[in-house]
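Okay, structure first, notes after.
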Amino acid sequence: MMKKWFIECPFCKNKIKEGAIKCQYCWEFLNPDEAPSKEVPGQTVWQTKAIKKKSKKLLWIWIWIFIFICIIVWSNNKWTSTTPNSNTPTMIIEQRNENWEIVELEIEAPKEYQNALKKAQRYSDYQYMSEKRLYDQLTSEYGEWFTKEAADYAISNIKADYNYNALKKWERYYEQQNMSKQRVYEQLVSEYWEWFTKEQAQYAIDHLDD
């Protein structure tokens with residue numbers, strides 16, 4: 001009887017040499033007893049293989065979960081990058097649509113406009129300027145030298161109470177510089193000084209004791 005030189009691997013079913021210890025295709029040990037001892041004490045070789053197989057499945061599950069999370073995060077970032085931030089200063093412009101109709105569009109204000117708004121807000125909050133004095137300070141070559149368009153945007157979007165500003169200016173002149181009421185009034189309404197309206201100056205007079 002002719003000697004059988006090849007046998008079938010019980011794992012991958014490929015033909016391998018008789019007497020081989022390890023399959024050259026799937027790299028499984030043909031005799032589990034000859035495999036290096038990597039098993040947990042108390043577990044059989046087949047139990048260990050089942051655990052490894054289950055671990056691989058769990059690994060792939062976690063990989064797909066990670067990929068799914070990355071896709072969601074990327075989608076959110078993309079949406080955020082294309083959606084104007086609610087805290088970002090915006091402005092309304094007029095533009096014609098495909099029907100040649102004039103429509104209003106809200107866009108992010110140019111950096112120059114945003115800078116003018118920040119400057120105006122600081123002047124109002126800390127120096128209590130009137131609206132006209134703010135505009136003059138923003139556009140003057142002796143002041144901030146912003147364009148008239150940037151200054152217009154700043155004045156239109158500033159959060160300022162000019163009655164309150166007039167009152168604070170009155171207190172500074174009247175209490176700290178010891179001026180008369182008539183002199184303070186003239187100082188407030190003069191276009192060479194504070195440039196408040198007469199109504200705003202009167203508001204300051206009426207609320208001095210508040």
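Just so we're on the same page: first chain in the structure tokens is A, next is B, and so on; residues restart at 1 for each chain, and ligands are numbered from 1 in the order they show up.
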Give the alpha helix (DSSP H) residues of region 144-207 of chain A, as DSSP finds them on the backbone, and put them as an MDAnalysis selection string.
-> chainID A and resid 148:157 162:171 181:189 198:206
How about saving the chosen residues, C-alpha atoms kept, as a CSV table (one decimal), in the first residue's frame?
chain,number,residue,atom,x,y,z
A,148,LYS,CA,-18.6,106.0,7.8
A,149,GLU,CA,-20.1,102.7,6.9
A,150,ALA,CA,-18.4,100.9,9.8
A,151,ALA,CA,-19.4,103.8,12.1
A,152,ASP,CA,-23.0,103.6,10.9
A,153,TYR,CA,-23.0,99.9,11.6
A,154,ALA,CA,-21.6,100.4,15.1
A,155,ILE,CA,-24.1,103.2,16.0
A,156,SER,CA,-27.0,101.1,14.8
A,157,ASN,CA,-26.0,98.0,16.8
A,162,TYR,CA,-28.0,107.8,26.1
A,163,ASN,CA,-30.2,109.1,28.8
A,164,TYR,CA,-28.2,107.2,31.3
A,165,ASN,CA,-24.9,108.4,29.7
A,166,ALA,CA,-26.1,112.0,29.9
A,167,LEU,CA,-26.9,111.5,33.6
A,168,LYS,CA,-23.4,110.1,34.3
A,169,LYS,CA,-21.8,112.9,32.4
A,170,TRP,CA,-23.8,115.4,34.4
A,171,GLU,CA,-22.6,113.8,37.7
A,181,LYS,CA,-26.2,123.5,36.6
A,182,GLN,CA,-26.5,126.0,33.7
A,183,ARG,CA,-22.9,125.4,32.8
A,184,VAL,CA,-23.3,121.7,32.9
A,185,TYR,CA,-26.4,121.9,30.7
A,186,GLU,CA,-24.6,123.9,28.1
A,187,GLN,CA,-21.7,121.5,28.3
A,188,LEU,CA,-23.9,118.5,27.6
A,189,VAL,CA,-25.8,119.9,24.6
A,198,LYS,CA,-31.8,118.7,24.9
A,199,GLU,CA,-34.2,115.9,25.9
A,200,GLN,CA,-31.3,113.8,27.2
A,201,ALA,CA,-29.8,116.7,29.1
A,202,GLN,CA,-33.2,117.4,30.7
A,203,TYR,CA,-33.5,113.7,31.6
A,204,ALA,CA,-30.2,114.1,33.5
A,205,ILE,CA,-31.5,117.2,35.4
A,206,ASP,CA,-34.8,115.4,36.3
Restricting the calculation to only C-alpha atoms, which member of A:Glu28, A:Asp209, A:Glu194, A:Glu18 is positioned closest to Arg133 (chain A)?
-> A:Glu194
Within 8 Å of Lys132 (chain A), counting only C-alpha atoms, which residues qualify if same-chain residues fewer than 3 places away don't, as a count of residues only?
-> 4
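Counting from CA of Ala160 (chain A), the distance to CA of Gln114 (chain A) is 16.0 Å.
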Calculate how many Å separate CA of Glu131 (chain A) from CA of Trp193 (chain A), rounding to one decimal.
->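 Rounded to one decimal, the two atoms are 12.4 Å apart.
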Shell of 7 Å around Thr90 (chain A), only C-alpha atoms, local chain residues under 5 positions omitted, as a PyMOL selection string | chain A and resi 106-109
